[in-house]
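The next block holds one structure in the form of structure tokens; read it before the comments.
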Amino acid sequence: MSRIRFSDFERIVFFTGAGMSAESGIPTYRGKGGIWAEYDYEDYACQRAFDRDPERVWDFHDRRRAAVRACEPNDGHRVVTAVQERRPGTLVVTQNIDGMHQRAGAAVTAELHGSLWRVRCDADEIVRDDDTVPMTPRKCSCGGYWRPDIVWFEDSLDHRVVCRAREALEACDLLVSIGTSAVVYPAAELPRIAVQRGAVTVEINLEDTPLSHLYQHRLRGKASDVLAELNR
Ligand code: NAD
């Protein structure tokens, strides 16, 4: 294990992916049991699918909402929250859409891929929180469907959210990447900013990723175990 300790840093950024929530029982993207092994994204998670059959896409997202609602934040989420409470300069940038950091009490600076718990009406340009399961009603008062405020396949990231993430990474003195396979771009390359700015960098994962070489400290193990160790 490295000699890194959270208590030695003031401006920590936790950069999290699906592996952060794996111990909560939420399947990762690519691993065994990953949702895209079972479902074809072209039918459930792209704008074209939604335009073609919004009811089917909402049925799928309602199942995801119900599955995530049934899970609880894990010890790893709780360490992130505890560090943020102790060191107010700590920021969370996540690729996850599950809202688990917030449920564990953390403030999240950037949800790069949106949230399962927000909906938007593109016609009326309205975005709102919504935690109903199933999501009800599916239609906005304008008559169009609410759409999950998630970055689906083929969508662009919201540039305001990316700006917040970039600012966080430019200013951090410690970057801790947790449970991301580092293959979903452009999110995957954001940690480079912290590397270029000279932050201390840590990657927590069960295995190496294509960007592991960027990190000074490559810690292998379950997120909750490694985080507990760094928080001692
Ligand atoms: P990914 O599924 O591509 O990769 C998950 C990574 O986590 C892998 O590298 C794996 O080795 C690692 N991992 C698995 N269990 C771990 C554990 N207990 N401790 C530490 N590491 C562990 O996920 P990604 O890189 O986040 O990219 C997938 C995309 O799909 C992202 O946009 C992501 O937000 C989205 N997604 C989100 C959720 C969620 O919100 N919980 C779930 C699945 C996918």
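Numbering starts fresh at 1 for the residues of each chain in the structure tokens, the chains themselves are lettered A, B, ... in the order given, and ligands are numbered from 1 as they appear.
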Tell me which protein, DNA and RNA residues are within 9 Å of A:Glu111, counting only C-alpha atoms, leaving out same-chain ones fewer than 2 positions away, and put them as a list of chain:residue names.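 Those residues are A:Val92, A:Val93, A:Thr94, A:Gln95, A:Asn96, A:Ile97, A:Gly99, A:Val108, A:Thr109, A:His113, A:Gly114, A:Ser115, A:Val161, A:Val162, A:Ala165.
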Produce a file of the selected residues containing C-alpha atoms, as a tab-separated table (two decimals), in the first residue's frame.
```tsv
chain	number	residue	atom	x	y	z
A	92	VAL	CA	-16.41	14.85	-6.30
A	93	VAL	CA	-16.50	14.45	-10.08
A	94	THR	CA	-18.41	11.36	-11.14
A	95	GLN	CA	-19.28	9.45	-14.28
A	96	ASN	CA	-22.01	7.67	-12.36
A	97	ILE	CA	-25.66	8.42	-12.86
A	99	GLY	CA	-26.90	9.45	-7.21
A	108	VAL	CA	-21.11	16.43	-6.22
A	109	THR	CA	-19.42	19.07	-8.38
A	113	HIS	CA	-22.98	11.64	-17.61
A	114	GLY	CA	-26.09	13.15	-16.04
A	115	SER	CA	-28.39	11.58	-13.49
A	161	VAL	CA	-20.56	20.31	-16.40
A	162	VAL	CA	-17.28	19.55	-18.16
A	165	ALA	CA	-14.90	19.17	-13.74
```
Mind dumping a table of every chain A residue within 6 Å of ligand 1, with the nearest atom pair and its distance in Å to one decimal, using only C-alpha atoms and all ligand atoms, sorted by chain and rising number, as CSV?
```
residue,atom,partner,partner_atom_place_in_ligand_line,distance
A:Gly17,CA,ligand 1,26 (O),3.2
A:Ala18,CA,ligand 1,26 (O),3.9
A:Gly19,CA,ligand 1,7 (O),3.3
A:Met20,CA,ligand 1,19 (N),5.9
A:Ser21,CA,ligand 1,41 (N),5.2
A:Ala22,CA,ligand 1,15 (N),5.0
A:Glu23,CA,ligand 1,18 (N),5.3
A:Ile26,CA,ligand 1,41 (N),5.6
A:Pro27,CA,ligand 1,42 (C),5.7
A:Thr28,CA,ligand 1,2 (O),3.9
A:Tyr29,CA,ligand 1,2 (O),3.3
A:Arg30,CA,ligand 1,2 (O),4.5
A:Gln95,CA,ligand 1,34 (O),3.8
A:Asn96,CA,ligand 1,40 (O),3.4
A:Ile97,CA,ligand 1,40 (O),3.9
A:Asp98,CA,ligand 1,40 (O),4.0
A:His113,CA,ligand 1,32 (O),5.7
A:Gly179,CA,ligand 1,7 (O),3.5
A:Thr180,CA,ligand 1,25 (O),3.3
A:Ser181,CA,ligand 1,9 (O),3.4
A:Ala182,CA,ligand 1,25 (O),5.2
A:Val184,CA,ligand 1,27 (O),5.7
A:Ile204,CA,ligand 1,20 (C),5.9
A:Asn205,CA,ligand 1,21 (N),3.8
A:Leu206,CA,ligand 1,11 (O),4.7
A:Glu207,CA,ligand 1,11 (O),5.2
A:Lys222,CA,ligand 1,19 (N),3.6
A:Ala223,CA,ligand 1,19 (N),3.8
```
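Proximity ranking of A:Ala188, A:Ile4, A:Val202, A:Val119 relative to A:Arg138 places A:Val119 first, based on only C-alpha atoms.
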With distances taken over only C-alpha atoms, which residue among A:Ala82, A:Tyr145, A:Leu91, A:Cys163 lies nearest A:Arg52? A:Tyr145
I'd like the interatomic distance between atom CA of A:Gly105 and atom CA of A:Cys121, to a tenth of an Å. 27.8 Å
Nearest to A:Pro54: which of A:Lys139, A:Phe14, A:Ser212, A:Ala187 is it, counting only C-alpha atoms? A:Lys139
Among the residues of stretch 3-226 of chain A, find those DSSP assigns to strand (DSSP E) from the backbone and print them as JSON, numbers by chain. {"A": [12, 13, 14, 15, 16, 91, 92, 93, 94, 110, 111, 114, 115, 116, 117, 118, 119, 120, 121, 126, 127, 128, 129, 147, 148, 149, 150, 174, 175, 176, 177, 178, 200, 201, 202, 203, 204, 205, 217, 218, 219, 220]}
Among the residues A:Trp117, A:Tyr39, A:Phe9, A:Tyr215, the one that comes closest to A:Arg69 [using only C-alpha atoms]: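 Of A:Trp117, A:Tyr39, A:Phe9, A:Tyr215, the one nearest A:Arg69 is A:Trp117, counting only C-alpha atoms.
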